[in-house]
$ cat entry.cif   # mmCIF, C-alpha atoms and all ligand atoms
data_upload
loop_
_atom_site.group_PDB
_atom_site.id
_atom_site.type_symbol
_atom_site.label_atom_id
_atom_site.label_comp_id
_atom_site.auth_asym_id
_atom_site.auth_seq_id
_atom_site.Cartn_x
_atom_site.Cartn_y
_atom_site.Cartn_z
ATOM 1 C CA MET H 128 -9.689 4.481 2.780
ATOM 2 C CA ASP H 129 -11.190 0.979 2.716
ATOM 3 C CA ILE H 130 -10.790 -2.273 0.790
ATOM 4 C CA ASN H 131 -12.777 -0.807 -2.136
ATOM 5 C CA THR H 132 -10.630 2.318 -2.418
ATOM 6 C CA THR H 133 -9.322 2.884 -5.933
ATOM 7 C CA ILE H 134 -6.716 5.156 -7.451
ATOM 8 C CA LYS H 135 -7.367 6.893 -10.771
ATOM 9 C CA LEU H 136 -4.647 5.920 -13.244
ATOM 10 C CA ASN H 137 -3.325 8.397 -15.835
ATOM 11 C CA ASN H 138 -5.812 7.058 -18.424
ATOM 12 C CA GLY H 139 -8.822 7.413 -16.120
ATOM 13 C CA VAL H 140 -9.097 3.699 -15.229
ATOM 14 C CA LYS H 141 -9.736 3.104 -11.525
ATOM 15 C CA MET H 142 -7.518 0.484 -9.876
ATOM 16 C CA PRO H 143 -8.098 -0.901 -6.356
ATOM 17 C CA VAL H 144 -5.132 0.122 -4.218
ATOM 18 C CA PHE H 145 -5.168 -3.227 -2.399
ATOM 19 C CA GLY H 146 -4.979 -6.640 -4.063
ATOM 20 C CA LEU H 147 -3.866 -10.246 -3.769
ATOM 21 C CA GLY H 148 -0.441 -11.379 -4.987
ATOM 22 C CA THR H 149 -0.180 -14.878 -6.448
ATOM 23 C CA TYR H 150 3.510 -15.563 -7.116
ATOM 24 C CA LYS H 151 4.301 -19.092 -5.868
ATOM 25 C CA ALA H 152 0.583 -19.690 -5.265
ATOM 26 C CA ALA H 153 0.579 -23.137 -6.817
ATOM 27 C CA PRO H 154 -2.180 -24.268 -9.207
ATOM 28 C CA ASN H 155 -3.587 -26.640 -6.560
ATOM 29 C CA GLU H 156 -3.844 -23.925 -3.870
ATOM 30 C CA VAL H 157 -4.442 -20.667 -5.729
ATOM 31 C CA GLY H 158 -8.143 -21.381 -6.419
ATOM 32 C CA ASN H 159 -9.089 -21.456 -2.749
ATOM 33 C CA ALA H 160 -6.917 -18.412 -2.058
ATOM 34 C CA ILE H 161 -8.806 -16.427 -4.718
ATOM 35 C CA LEU H 162 -12.197 -17.523 -3.368
ATOM 36 C CA TRP H 163 -11.242 -16.657 0.233
ATOM 37 C CA ALA H 164 -9.844 -13.306 -0.891
ATOM 38 C CA LEU H 165 -12.942 -12.389 -2.913
ATOM 39 C CA LYS H 166 -15.084 -13.351 0.076
ATOM 40 C CA ALA H 167 -12.971 -11.092 2.306
ATOM 41 C CA GLY H 168 -13.580 -8.196 -0.095
ATOM 42 C CA TYR H 169 -10.466 -8.242 -2.317
ATOM 43 C CA ARG H 170 -11.343 -7.096 -5.843
ATOM 44 C CA HIS H 171 -7.862 -7.012 -7.379
ATOM 45 C CA ILE H 172 -5.756 -10.022 -8.352
ATOM 46 C CA ASP H 173 -2.133 -9.861 -9.491
ATOM 47 C CA THR H 174 -0.768 -12.699 -11.605
ATOM 48 C CA ALA H 175 1.713 -13.238 -14.452
ATOM 49 C CA ALA H 176 2.141 -15.702 -17.285
ATOM 50 C CA ILE H 177 5.311 -17.004 -15.624
ATOM 51 C CA TYR H 178 3.468 -17.860 -12.371
ATOM 52 C CA GLY H 179 1.742 -20.734 -14.181
ATOM 53 C CA ASN H 180 -1.580 -20.195 -12.372
ATOM 54 C CA GLU H 181 -3.662 -18.059 -14.766
ATOM 55 C CA LYS H 182 -5.961 -20.965 -15.689
ATOM 56 C CA GLU H 183 -6.796 -21.761 -12.039
ATOM 57 C CA ILE H 184 -7.312 -18.059 -11.290
ATOM 58 C CA GLY H 185 -9.720 -17.836 -14.234
ATOM 59 C CA ASP H 186 -11.572 -20.918 -12.941
ATOM 60 C CA ALA H 187 -11.858 -19.464 -9.412
ATOM 61 C CA ILE H 188 -13.117 -16.086 -10.639
ATOM 62 C CA LYS H 189 -15.800 -17.880 -12.662
ATOM 63 C CA LYS H 190 -16.699 -20.001 -9.635
ATOM 64 C CA SER H 191 -17.015 -16.937 -7.390
ATOM 65 C CA GLY H 192 -20.073 -15.786 -9.345
ATOM 66 C CA LEU H 193 -18.842 -12.174 -9.247
ATOM 67 C CA LYS H 194 -19.173 -10.149 -12.404
ATOM 68 C CA ARG H 195 -15.967 -9.874 -14.423
ATOM 69 C CA GLU H 196 -16.159 -6.072 -14.440
ATOM 70 C CA ASN H 197 -16.079 -6.016 -10.642
ATOM 71 C CA ILE H 198 -12.646 -7.644 -10.442
ATOM 72 C CA PHE H 199 -9.421 -5.930 -11.487
ATOM 73 C CA ILE H 200 -7.001 -8.419 -13.062
ATOM 74 C CA THR H 201 -3.337 -7.731 -13.750
ATOM 75 C CA THR H 202 -1.164 -10.117 -15.700
ATOM 76 C CA LYS H 203 2.342 -9.755 -17.102
ATOM 77 C CA LEU H 204 4.282 -10.308 -20.303
ATOM 78 C CA TRP H 205 7.166 -12.668 -19.603
ATOM 79 C CA ASN H 206 10.700 -11.881 -20.840
ATOM 80 C CA ASP H 207 10.908 -14.712 -23.384
ATOM 81 C CA ASP H 208 7.673 -13.529 -24.991
ATOM 82 C CA GLN H 209 8.688 -9.901 -25.576
ATOM 83 C CA ASP H 210 9.139 -10.683 -29.295
ATOM 84 C CA ASP H 211 5.425 -11.404 -29.587
ATOM 85 C CA PRO H 212 3.355 -9.693 -26.870
ATOM 86 C CA GLU H 213 0.140 -10.190 -28.838
ATOM 87 C CA LYS H 214 0.489 -13.960 -28.840
ATOM 88 C CA ALA H 215 1.435 -13.910 -25.140
ATOM 89 C CA LEU H 216 -1.551 -11.752 -24.169
ATOM 90 C CA ASN H 217 -3.943 -13.930 -26.195
ATOM 91 C CA GLU H 218 -2.625 -16.966 -24.351
ATOM 92 C CA SER H 219 -3.066 -15.250 -20.952
ATOM 93 C CA LEU H 220 -6.616 -14.229 -21.882
ATOM 94 C CA ARG H 221 -7.432 -17.777 -22.926
ATOM 95 C CA LYS H 222 -6.176 -19.160 -19.609
ATOM 96 C CA LEU H 223 -7.862 -16.440 -17.544
ATOM 97 C CA GLN H 224 -11.058 -17.047 -19.552
ATOM 98 C CA THR H 225 -11.721 -13.396 -20.230
ATOM 99 C CA ASN H 226 -11.516 -11.123 -23.267
ATOM 100 C CA TYR H 227 -9.570 -8.352 -21.547
ATOM 101 C CA VAL H 228 -7.273 -7.744 -18.611
ATOM 102 C CA ASP H 229 -7.430 -4.541 -16.612
ATOM 103 C CA LEU H 230 -3.681 -4.104 -16.609
ATOM 104 C CA TYR H 231 -1.038 -5.724 -18.814
ATOM 105 C CA MET H 232 2.463 -5.238 -17.532
ATOM 106 C CA MET H 233 5.917 -5.738 -19.003
ATOM 107 C CA HIS H 234 7.429 -8.003 -16.345
ATOM 108 C CA TRP H 235 11.089 -6.958 -16.761
ATOM 109 C CA PRO H 236 12.876 -4.307 -18.843
ATOM 110 C CA VAL H 237 14.711 -6.755 -21.118
ATOM 111 C CA GLU H 238 17.427 -4.650 -22.733
ATOM 112 C CA GLU H 239 17.146 -5.868 -26.323
ATOM 113 C CA THR H 240 13.361 -5.996 -26.665
ATOM 114 C CA ARG H 241 11.697 -3.636 -24.168
ATOM 115 C CA ILE H 242 11.145 -0.643 -26.485
ATOM 116 C CA LYS H 243 9.712 -2.702 -29.345
ATOM 117 C CA ALA H 244 7.563 -4.739 -26.966
ATOM 118 C CA TRP H 245 6.089 -1.541 -25.500
ATOM 119 C CA LYS H 246 5.041 -0.424 -29.015
ATOM 120 C CA VAL H 247 3.095 -3.664 -29.420
ATOM 121 C CA MET H 248 1.577 -3.275 -25.940
ATOM 122 C CA GLU H 249 0.410 0.206 -26.980
ATOM 123 C CA LYS H 250 -1.347 -1.379 -29.955
ATOM 124 C CA LEU H 251 -2.985 -4.014 -27.742
ATOM 125 C CA TYR H 252 -4.160 -1.249 -25.411
ATOM 126 C CA LYS H 253 -5.692 0.698 -28.297
ATOM 127 C CA GLU H 254 -7.465 -2.482 -29.432
ATOM 128 C CA GLY H 255 -8.990 -2.897 -25.949
ATOM 129 C CA LYS H 256 -7.452 -6.248 -25.031
ATOM 130 C CA CYS H 257 -6.078 -4.537 -21.944
ATOM 131 C CA ARG H 258 -7.707 -1.540 -20.276
ATOM 132 C CA SER H 259 -4.296 -0.175 -19.348
ATOM 133 C CA ILE H 260 -0.597 -0.974 -19.783
ATOM 134 C CA GLY H 261 2.221 -0.718 -17.296
ATOM 135 C CA VAL H 262 5.725 -1.843 -16.502
ATOM 136 C CA SER H 263 7.489 -3.685 -13.731
ATOM 137 C CA ASN H 264 11.019 -3.593 -12.348
ATOM 138 C CA PHE H 265 11.791 -0.373 -14.216
ATOM 139 C CA LEU H 266 14.362 1.947 -12.635
ATOM 140 C CA ILE H 267 14.445 5.689 -13.372
ATOM 141 C CA ARG H 268 16.855 5.197 -16.274
ATOM 142 C CA HIS H 269 14.603 2.540 -17.863
ATOM 143 C CA LEU H 270 11.574 4.830 -17.531
ATOM 144 C CA LYS H 271 13.436 7.825 -18.988
ATOM 145 C CA GLU H 272 14.450 5.750 -21.993
ATOM 146 C CA LEU H 273 10.903 4.433 -22.506
ATOM 147 C CA LEU H 274 9.306 7.862 -22.188
ATOM 148 C CA LYS H 275 11.443 9.171 -25.070
ATOM 149 C CA THR H 276 9.465 7.093 -27.568
ATOM 150 C CA ALA H 277 6.316 6.029 -25.719
ATOM 151 C CA GLU H 278 2.954 7.302 -26.911
ATOM 152 C CA VAL H 279 1.293 5.824 -23.837
ATOM 153 C CA VAL H 280 2.782 6.644 -20.429
ATOM 154 C CA PRO H 281 2.821 3.484 -18.235
ATOM 155 C CA VAL H 282 -0.045 3.691 -15.743
ATOM 156 C CA VAL H 283 1.869 1.721 -13.124
ATOM 157 C CA ASN H 284 5.410 0.592 -12.331
ATOM 158 C CA GLN H 285 5.400 -2.488 -10.094
ATOM 159 C CA VAL H 286 8.622 -2.859 -8.092
ATOM 160 C CA GLU H 287 9.876 -4.448 -4.911
ATOM 161 C CA PHE H 288 9.181 -1.941 -2.133
ATOM 162 C CA SER H 289 9.056 -2.008 1.658
ATOM 163 C CA PRO H 290 10.442 0.105 4.505
ATOM 164 C CA PHE H 291 13.571 -2.024 4.180
ATOM 165 C CA LEU H 292 13.783 -1.047 0.488
ATOM 166 C CA PHE H 293 12.445 2.493 0.462
ATOM 167 C CA LEU H 294 12.950 3.712 -3.127
ATOM 168 C CA LYS H 295 12.136 7.370 -2.473
ATOM 169 C CA GLU H 296 13.727 8.760 -5.666
ATOM 170 C CA LEU H 297 11.871 6.271 -7.849
ATOM 171 C CA LEU H 298 8.614 7.076 -6.036
ATOM 172 C CA ASP H 299 9.093 10.822 -6.594
ATOM 173 C CA PHE H 300 10.039 10.301 -10.247
ATOM 174 C CA CYS H 301 6.977 8.126 -10.926
ATOM 175 C CA ASN H 302 4.659 10.582 -9.170
ATOM 176 C CA GLU H 303 6.046 13.377 -11.338
ATOM 177 C CA LYS H 304 5.432 11.391 -14.554
ATOM 178 C CA GLY H 305 1.925 10.216 -13.638
ATOM 179 C CA THR H 306 2.914 6.578 -13.166
ATOM 180 C CA VAL H 307 1.629 5.009 -9.945
ATOM 181 C CA LEU H 308 4.175 2.932 -8.062
ATOM 182 C CA GLU H 309 2.963 -0.513 -6.948
ATOM 183 C CA ALA H 310 4.739 -2.484 -4.215
ATOM 184 C CA TYR H 311 5.538 -6.154 -4.638
ATOM 185 C CA SER H 312 6.997 -8.324 -1.867
ATOM 186 C CA PRO H 313 5.613 -5.756 0.621
ATOM 187 C CA LEU H 314 5.950 -8.347 3.405
ATOM 188 C CA THR H 315 9.601 -8.965 2.498
ATOM 189 C CA ARG H 316 8.376 -12.530 1.871
ATOM 190 C CA GLY H 317 8.232 -12.858 5.636
ATOM 191 C CA GLN H 318 11.941 -12.239 6.124
ATOM 192 C CA LYS H 319 11.693 -9.044 8.184
ATOM 193 C CA LEU H 320 8.501 -9.732 10.103
ATOM 194 C CA ASN H 321 10.456 -10.296 13.319
ATOM 195 C CA ASP H 322 12.552 -7.161 13.020
ATOM 196 C CA PRO H 323 12.394 -5.616 16.549
ATOM 197 C CA LYS H 324 11.966 -2.027 15.251
ATOM 198 C CA LEU H 325 8.977 -3.131 13.196
ATOM 199 C CA VAL H 326 7.489 -5.307 15.948
ATOM 200 C CA GLU H 327 7.684 -2.402 18.416
ATOM 201 C CA ILE H 328 5.635 -0.074 16.191
ATOM 202 C CA ALA H 329 3.160 -2.835 15.265
ATOM 203 C CA GLU H 330 2.489 -3.544 18.960
ATOM 204 C CA LYS H 331 1.738 0.112 19.540
ATOM 205 C CA TYR H 332 -1.126 -0.054 17.012
ATOM 206 C CA LYS H 333 -2.186 -3.567 18.139
ATOM 207 C CA LYS H 334 -1.542 -4.789 14.617
ATOM 208 C CA THR H 335 0.734 -7.489 13.237
ATOM 209 C CA PRO H 336 4.027 -6.568 11.536
ATOM 210 C CA ALA H 337 2.516 -7.744 8.221
ATOM 211 C CA GLN H 338 -0.452 -5.390 8.639
ATOM 212 C CA LEU H 339 1.866 -2.506 9.482
ATOM 213 C CA LEU H 340 3.973 -3.118 6.349
ATOM 214 C CA ILE H 341 0.907 -3.146 4.090
ATOM 215 C CA ARG H 342 -0.542 -0.010 5.656
ATOM 216 C CA TRP H 343 2.817 1.798 5.303
ATOM 217 C CA VAL H 344 2.728 1.261 1.514
ATOM 218 C CA LEU H 345 -0.845 2.556 1.225
ATOM 219 C CA GLN H 346 0.029 5.685 3.215
ATOM 220 C CA HIS H 347 2.617 6.438 0.517
ATOM 221 C CA ASN H 348 -0.346 6.575 -1.932
ATOM 222 C CA MET H 349 0.865 3.435 -3.629
ATOM 223 C CA ILE H 350 -0.746 0.132 -4.602
ATOM 224 C CA VAL H 351 0.029 -3.025 -2.613
ATOM 225 C CA ILE H 352 -0.429 -6.754 -3.355
ATOM 226 C CA PRO H 353 0.537 -8.994 -0.410
ATOM 227 C CA LYS H 354 0.456 -12.711 -1.238
ATOM 228 C CA SER H 355 -0.891 -15.530 0.887
ATOM 229 C CA VAL H 356 -2.597 -18.844 0.234
ATOM 230 C CA HIS H 357 -3.832 -19.152 3.832
ATOM 231 C CA LYS H 358 -7.360 -18.007 4.721
ATOM 232 C CA LYS H 359 -6.373 -16.531 8.077
ATOM 233 C CA ARG H 360 -3.519 -14.517 6.588
ATOM 234 C CA ILE H 361 -5.584 -13.402 3.575
ATOM 235 C CA GLU H 362 -8.092 -11.954 6.070
ATOM 236 C CA GLU H 363 -5.384 -10.554 8.361
ATOM 237 C CA ASN H 364 -3.687 -8.760 5.460
ATOM 238 C CA ALA H 365 -6.965 -7.079 4.516
ATOM 239 C CA ASP H 366 -7.681 -5.912 8.059
ATOM 240 C CA ILE H 367 -5.704 -2.713 7.727
ATOM 241 C CA PHE H 368 -8.334 -0.084 7.140
ATOM 242 C CA ASP H 369 -9.216 0.667 10.769
ATOM 243 C CA PHE H 370 -6.016 2.402 11.823
ATOM 244 C CA GLU H 371 -3.593 5.042 10.605
ATOM 245 C CA ILE H 372 0.177 5.195 11.069
ATOM 246 C CA SER H 373 1.157 8.595 12.484
ATOM 247 C CA SER H 374 3.484 10.790 10.439
ATOM 248 C CA ASP H 375 6.223 10.297 13.065
ATOM 249 C CA ASP H 376 5.959 6.520 12.766
ATOM 250 C CA MET H 377 5.846 6.750 8.955
ATOM 251 C CA LYS H 378 9.141 8.668 9.127
ATOM 252 C CA LYS H 379 10.602 6.083 11.500
ATOM 253 C CA MET H 380 9.616 3.299 9.120
ATOM 254 C CA ASN H 381 11.052 5.191 6.130
ATOM 255 C CA SER H 382 14.360 5.173 7.974
ATOM 256 C CA PHE H 383 14.415 1.335 8.093
ATOM 257 C CA ASN H 384 15.783 1.391 4.536
ATOM 258 C CA GLU H 385 18.760 -0.917 4.061
ATOM 259 C CA ASN H 386 18.319 -1.768 0.342
ATOM 260 C CA PHE H 387 17.035 -5.164 1.370
ATOM 261 C CA ARG H 388 15.812 -7.211 -1.600
ATOM 262 C CA THR H 389 14.159 -10.600 -1.756
ATOM 263 C CA CYS H 390 13.994 -10.614 -5.550
ATOM 264 C CA TRP H 391 16.379 -10.013 -8.500
ATOM 265 C CA ASP H 392 17.860 -6.549 -8.669
ATOM 266 C CA PRO H 393 16.946 -4.533 -11.792
ATOM 267 C CA GLN H 394 20.168 -2.530 -11.229
ATOM 268 C CA ASN H 395 21.809 -5.366 -13.132
ATOM 269 C CA ILE H 396 19.845 -4.537 -16.286
ATOM 270 C CA PRO H 397 21.537 -1.786 -18.344
HETATM 271 N N1 LIG H 401 6.677 -7.919 -10.832
HETATM 272 C C1 LIG H 401 7.517 -8.743 -10.262
HETATM 273 O O1 LIG H 401 8.635 -8.996 -10.730
HETATM 274 C C2 LIG H 401 7.097 -9.408 -8.974
HETATM 275 C C3 LIG H 401 8.062 -10.049 -8.190
HETATM 276 C C4 LIG H 401 7.641 -10.622 -6.995
HETATM 277 C C5 LIG H 401 6.317 -10.533 -6.613
HETATM 278 N N2 LIG H 401 5.388 -9.950 -7.408
HETATM 279 C C6 LIG H 401 3.940 -9.873 -7.049
HETATM 280 O O2 LIG H 401 3.816 -9.343 -5.732
HETATM 281 C C7 LIG H 401 3.147 -10.280 -4.893
HETATM 282 C C8 LIG H 401 3.619 -10.176 -3.458
HETATM 283 O O3 LIG H 401 5.005 -10.410 -3.341
HETATM 284 P P1 LIG H 401 5.650 -11.796 -2.822
HETATM 285 O O4 LIG H 401 4.718 -12.910 -3.038
HETATM 286 O O5 LIG H 401 6.985 -11.879 -3.450
HETATM 287 O O6 LIG H 401 5.909 -11.545 -1.292
HETATM 288 P P2 LIG H 401 5.105 -10.995 -0.012
HETATM 289 O O7 LIG H 401 3.714 -10.680 -0.348
HETATM 290 O O8 LIG H 401 5.981 -9.962 0.580
HETATM 291 O O9 LIG H 401 5.173 -12.248 0.981
HETATM 292 C C9 LIG H 401 4.539 -13.446 0.719
HETATM 293 C C10 LIG H 401 5.012 -14.441 1.773
HETATM 294 O O10 LIG H 401 4.630 -14.018 3.077
HETATM 295 C C11 LIG H 401 3.778 -15.000 3.689
HETATM 296 N N3 LIG H 401 2.703 -14.258 4.362
HETATM 297 C C12 LIG H 401 1.627 -13.678 3.819
HETATM 298 N N4 LIG H 401 0.879 -13.038 4.726
HETATM 299 C C13 LIG H 401 1.488 -13.241 5.918
HETATM 300 C C14 LIG H 401 1.185 -12.834 7.240
HETATM 301 N N5 LIG H 401 0.109 -12.089 7.511
HETATM 302 N N6 LIG H 401 2.032 -13.214 8.227
HETATM 303 C C15 LIG H 401 3.119 -13.949 7.962
HETATM 304 N N7 LIG H 401 3.473 -14.364 6.724
HETATM 305 C C16 LIG H 401 2.657 -14.005 5.694
HETATM 306 C C17 LIG H 401 3.269 -15.861 2.538
HETATM 307 O O11 LIG H 401 3.045 -17.189 2.975
HETATM 308 P P3 LIG H 401 1.680 -18.026 2.691
HETATM 309 O O12 LIG H 401 1.303 -17.806 1.245
HETATM 310 O O13 LIG H 401 2.120 -19.408 2.971
HETATM 311 O O14 LIG H 401 0.679 -17.488 3.640
HETATM 312 C C18 LIG H 401 4.450 -15.820 1.571
HETATM 313 O O15 LIG H 401 5.438 -16.744 1.939
HETATM 314 C C19 LIG H 401 3.481 -11.621 -5.565
HETATM 315 O O16 LIG H 401 2.711 -12.670 -5.101
HETATM 316 C C20 LIG H 401 3.283 -11.254 -7.016
HETATM 317 O O17 LIG H 401 1.906 -11.197 -7.337
HETATM 318 C C21 LIG H 401 5.771 -9.352 -8.580
#

$ encode --input "entry.cif" --output "C-alpha cells" --more "lines below"
Ligand SMILES: NC(=O)c1ccc[n+]([C@@H]2O[C@H](COP(=O)([O-])OP(=O)(O)OC[C@H]3O[C@@H](n4cnc5c(N)ncnc54)[C@H](OP(=O)(O)O)[C@@H]3O)[C@@H](O)[C@H]2O)c1
Amino acid sequence: MDINTTIKLNNGVKMPVFGLGTYKAAPNEVGNAILWALKAGYRHIDTAAIYGNEKEIGDAIKKSGLKRENIFITTKLWNDDQDDPEKALNESLRKLQTNYVDLYMMHWPVEETRIKAWKVMEKLYKEGKCRSIGVSNFLIRHLKELLKTAEVVPVVNQVEFSPFLFLKELLDFCNEKGTVLEAYSPLTRGQKLNDPKLVEIAEKYKKTPAQLLIRWVLQHNMIVIPKSVHKKRIEENADIFDFEISSDDMKKMNSFNENFRTCWDPQNIP
C-alpha cells in the first residue's frame, strides 16, 4: 500500500484510499493546502458545497498543472438542496471548474427528501456528471431503507470513524452490501491525540498519534481523509505507508471504542 493505492468501487471506478479533508479549510488557506498536498502526492480531495471552498479548490487544482483525470474529487449535496440535486451539482461543478466530479455524495440522510434526492442523483450519475454516487452519515437503517428502492448501490458511505468510534456493525454491513466505508474526522479533530493508550502504541512504531490513527483506518480496508491546512502536518499525515500496525495492536486500538463523536450524531435522524 502506498499513497497511490486505490480501491475498486462497486461500479468499477478506482478511488484513492487516502485523501485530503477540507472542512473548515477557509477560502484564504485552502488553496495552499491543496497545492502542498498535491506536491506531497495526494490525489484525492474531499470537499462539500457547505464548506464554501469549492471555488478556491478548483483554482488550486488548475494552478497545480496536474491533469483533471489524475485527481479524484468528491463533493457533497447539502441538506437544503435535496429538492434540486441537479441545480446543486451544476453549481458545485461551476465552482470547481470541472464538468464532472468523481464522487457525488448525499451529505446527510434528510428524512423527508433522501429517497427522492437519491433518484435524481442516480439520473445525474447516468448522465456522467458524477462518475459515482455515494452517501454520508447513513446508519444501517438508513441504508436498508435506501436499498429497497435504489437502482444504484452507493459506492461509499462516509461517516465519522476512529478507534474511539469503532462502528464495527456498520463496517460489516457496508462490506456485505458492496459499499466502501470512508472515515471522516479520523484524527478526532485533534481531541484524542494525547490519549495515553494511543501515544504508547504510536511511540512503539516511532510514529505520531495522528499517523497511527490514519493507518488504523486503512488497515480496516477503508478510505481516510485527514484534514490539515499546515504543510508540515499535510506531509506528516501522508507519511504512513512505511509501517504496519500488528494485528494485536489493531485489536487493542479497536477496543478504544467509547462512542466518541466530534460531529452531529446521525442516530438523531429517524
Ligand atoms: N460527511 C460529513 O458529514 C463530514 C463531517 C466532518 C468531516 N468530513 C470530512 O472529513 C475531513 C476530516 O475530518 P475533520 O476535518 O472533521 O477532522 P480531522 O481530520 O479528524 O482533524 C482535523 C483537525 O486536526 C488537525 N490536524 C491535522 N493533522 C494533524 C496532525 N498531524 N497533528 C495534530 N493535529 C492535526 C487539523 O488542524 P490544522 O488544519 O490546523 O492542521 C484540524 O484541526 C473533513 O475535513 C471533511 O473533508 C465530512

$ closest_residue --input "entry.cif" --among "H:Glu181, H:Asp392, H:Asp211, H:Glu278" --to "Thr149 in chain H" --atoms "all atoms listed in the file"
H:Glu181

$ residues_around --input "entry.cif" --residues "Cys301 in chain H" --least-positions-apart "6" --cutoff "8 Å" --atoms "only C-alpha atoms" --output "PDB file with C-alpha atoms, in the frame of the given file"
ATOM      1  CA  ASN H 284       5.410   0.592 -12.331  1.00  0.00           C
ATOM      2  CA  VAL H 307       1.629   5.009  -9.945  1.00  0.00           C
ATOM      3  CA  LEU H 308       4.175   2.932  -8.062  1.00  0.00           C
TER       4      LEU H 308
END

$ residues_near_ligand --input "entry.cif" --ligand "ligand LIG 401 (chain H)" --cutoff "6 Å" --atoms "only C-alpha atoms and all ligand atoms" --output "JSON, numbers by chain"
{"H": [148, 149, 150, 173, 174, 234, 263, 285, 311, 312, 313, 314, 315, 316, 317, 337, 352, 353, 354, 355, 356, 357, 360, 363, 364]}

$ resolve_selection --input "entry.cif" --expression "the PyMOL selection byres (((chain H and resi 370) around 9) and not hetatm)" --output "JSON, numbers by chain"
{"H": [332, 334, 342, 367, 368, 369, 371, 372]}

$ resolve_selection --input "entry.cif" --expression "the PyMOL selection byres (((chain H and resi 293) around 10) and not hetatm)" --output "PyMOL selection string"
chain H and resi 287-292+294-298+344+380-387

$ residues_around --input "entry.cif" --residues "Arg195 in chain H" --least-positions-apart "4" --cutoff "12 Å" --atoms "only C-alpha atoms" --output "list of chain:residue names"
H:Arg170, H:His171, H:Ile172, H:Gly185, H:Asp186, H:Ala187, H:Ile188, H:Lys189, H:Lys190, H:Ser191, H:Phe199, H:Ile200, H:Leu223, H:Gln224, H:Thr225, H:Asn226, H:Tyr227, H:Val228, H:Asp229

$ atom_distance --input "entry.cif" --atom1 "CA of Ala310 in chain H" --atom2 "CA of His347 in chain H"
10.3 Å

$ closest_residue --input "entry.cif" --among "H:Gly192, H:Gly168, H:Gly139, H:Gly146" --to "Ile341 in chain H" --atoms "all atoms listed in the file"
H:Gly146

$ closest_residue --input "entry.cif" --among "H:Met142, H:Leu320, H:Ile198, H:Ile361" --to "Asn159 in chain H" --atoms "all atoms listed in the file"
H:Ile361

$ resolve_selection --input "entry.cif" --expression "the PyMOL selection byres (((chain H and resi 243) around 12) and not hetatm)" --output "PyMOL selection string"
chain H and resi 208-212+233+236-242+244-250+273+276-277

$ atom_distance --input "entry.cif" --atom1 "CA of Glu196 in chain H" --atom2 "CA of Tyr231 in chain H"
15.7 Å

$ closest_residue --input "entry.cif" --among "H:Glu254, H:Glu218, H:Glu330, H:Glu309" --to "Pro143 in chain H" --atoms "only C-alpha atoms"
H:Glu309

$ residues_around --input "entry.cif" --residues "Leu136 in chain H" --least-positions-apart "2" --cutoff "10 Å" --atoms "only C-alpha atoms" --output "count of residues only"
14

$ atom_distance --input "entry.cif" --atom1 "CA of Ala152 in chain H" --atom2 "CA of Tyr178 in chain H"
7.9 Å

$ closest_residue --input "entry.cif" --among "H:Asn395, H:Asn197, H:Gln346, H:Asn155" --to "Ser373 in chain H" --atoms "all atoms listed in the file"
H:Gln346

$ residues_around --input "entry.cif" --residues "Leu345 in chain H" --least-positions-apart "5" --cutoff "8 Å" --atoms "only C-alpha atoms" --output "number ranges by chain"
H: 144, 350-351

$ decode --input "entry.cif" --residues "range 203-211 of chain H" --atoms "N, CA, C and O atoms" --output "PDB file, in the first residue's frame"
ATOM      1  N   LYS H 203     -20.282  17.213  -2.073  1.00  0.00           N
ATOM      2  CA  LYS H 203     -21.495  16.692  -1.424  1.00  0.00           C
ATOM      3  C   LYS H 203     -22.688  17.616  -1.592  1.00  0.00           C
ATOM      4  O   LYS H 203     -22.539  18.842  -1.607  1.00  0.00           O
ATOM      5  N   LEU H 204     -23.839  16.974  -1.685  1.00  0.00           N
ATOM      6  CA  LEU H 204     -25.132  17.657  -1.820  1.00  0.00           C
ATOM      7  C   LEU H 204     -25.595  18.100  -0.429  1.00  0.00           C
ATOM      8  O   LEU H 204     -25.800  17.253   0.455  1.00  0.00           O
ATOM      9  N   TRP H 205     -25.747  19.397  -0.236  1.00  0.00           N
ATOM     10  CA  TRP H 205     -26.148  19.857   1.097  1.00  0.00           C
ATOM     11  C   TRP H 205     -27.652  19.637   1.334  1.00  0.00           C
ATOM     12  O   TRP H 205     -28.458  19.571   0.406  1.00  0.00           O
ATOM     13  N   ASN H 206     -28.019  19.533   2.603  1.00  0.00           N
ATOM     14  CA  ASN H 206     -29.386  19.200   3.025  1.00  0.00           C
ATOM     15  C   ASN H 206     -30.448  20.103   2.402  1.00  0.00           C
ATOM     16  O   ASN H 206     -31.463  19.625   1.905  1.00  0.00           O
ATOM     17  N   ASP H 207     -30.197  21.414   2.401  1.00  0.00           N
ATOM     18  CA  ASP H 207     -31.206  22.355   1.899  1.00  0.00           C
ATOM     19  C   ASP H 207     -31.403  22.237   0.400  1.00  0.00           C
ATOM     20  O   ASP H 207     -32.362  22.788  -0.133  1.00  0.00           O
ATOM     21  N   ASP H 208     -30.489  21.557  -0.272  1.00  0.00           N
ATOM     22  CA  ASP H 208     -30.559  21.451  -1.736  1.00  0.00           C
ATOM     23  C   ASP H 208     -31.099  20.098  -2.202  1.00  0.00           C
ATOM     24  O   ASP H 208     -31.063  19.798  -3.400  1.00  0.00           O
ATOM     25  N   GLN H 209     -31.568  19.276  -1.257  1.00  0.00           N
ATOM     26  CA  GLN H 209     -32.008  17.926  -1.653  1.00  0.00           C
ATOM     27  C   GLN H 209     -33.238  17.954  -2.563  1.00  0.00           C
ATOM     28  O   GLN H 209     -33.532  16.973  -3.236  1.00  0.00           O
ATOM     29  N   ASP H 210     -33.952  19.084  -2.600  1.00  0.00           N
ATOM     30  CA  ASP H 210     -35.098  19.211  -3.511  1.00  0.00           C
ATOM     31  C   ASP H 210     -34.649  19.361  -4.957  1.00  0.00           C
ATOM     32  O   ASP H 210     -35.418  19.099  -5.865  1.00  0.00           O
ATOM     33  N   ASP H 211     -33.413  19.813  -5.158  1.00  0.00           N
ATOM     34  CA  ASP H 211     -32.941  20.017  -6.527  1.00  0.00           C
ATOM     35  C   ASP H 211     -31.441  19.679  -6.660  1.00  0.00           C
ATOM     36  O   ASP H 211     -30.599  20.561  -6.836  1.00  0.00           O
TER      37      ASP H 211
END
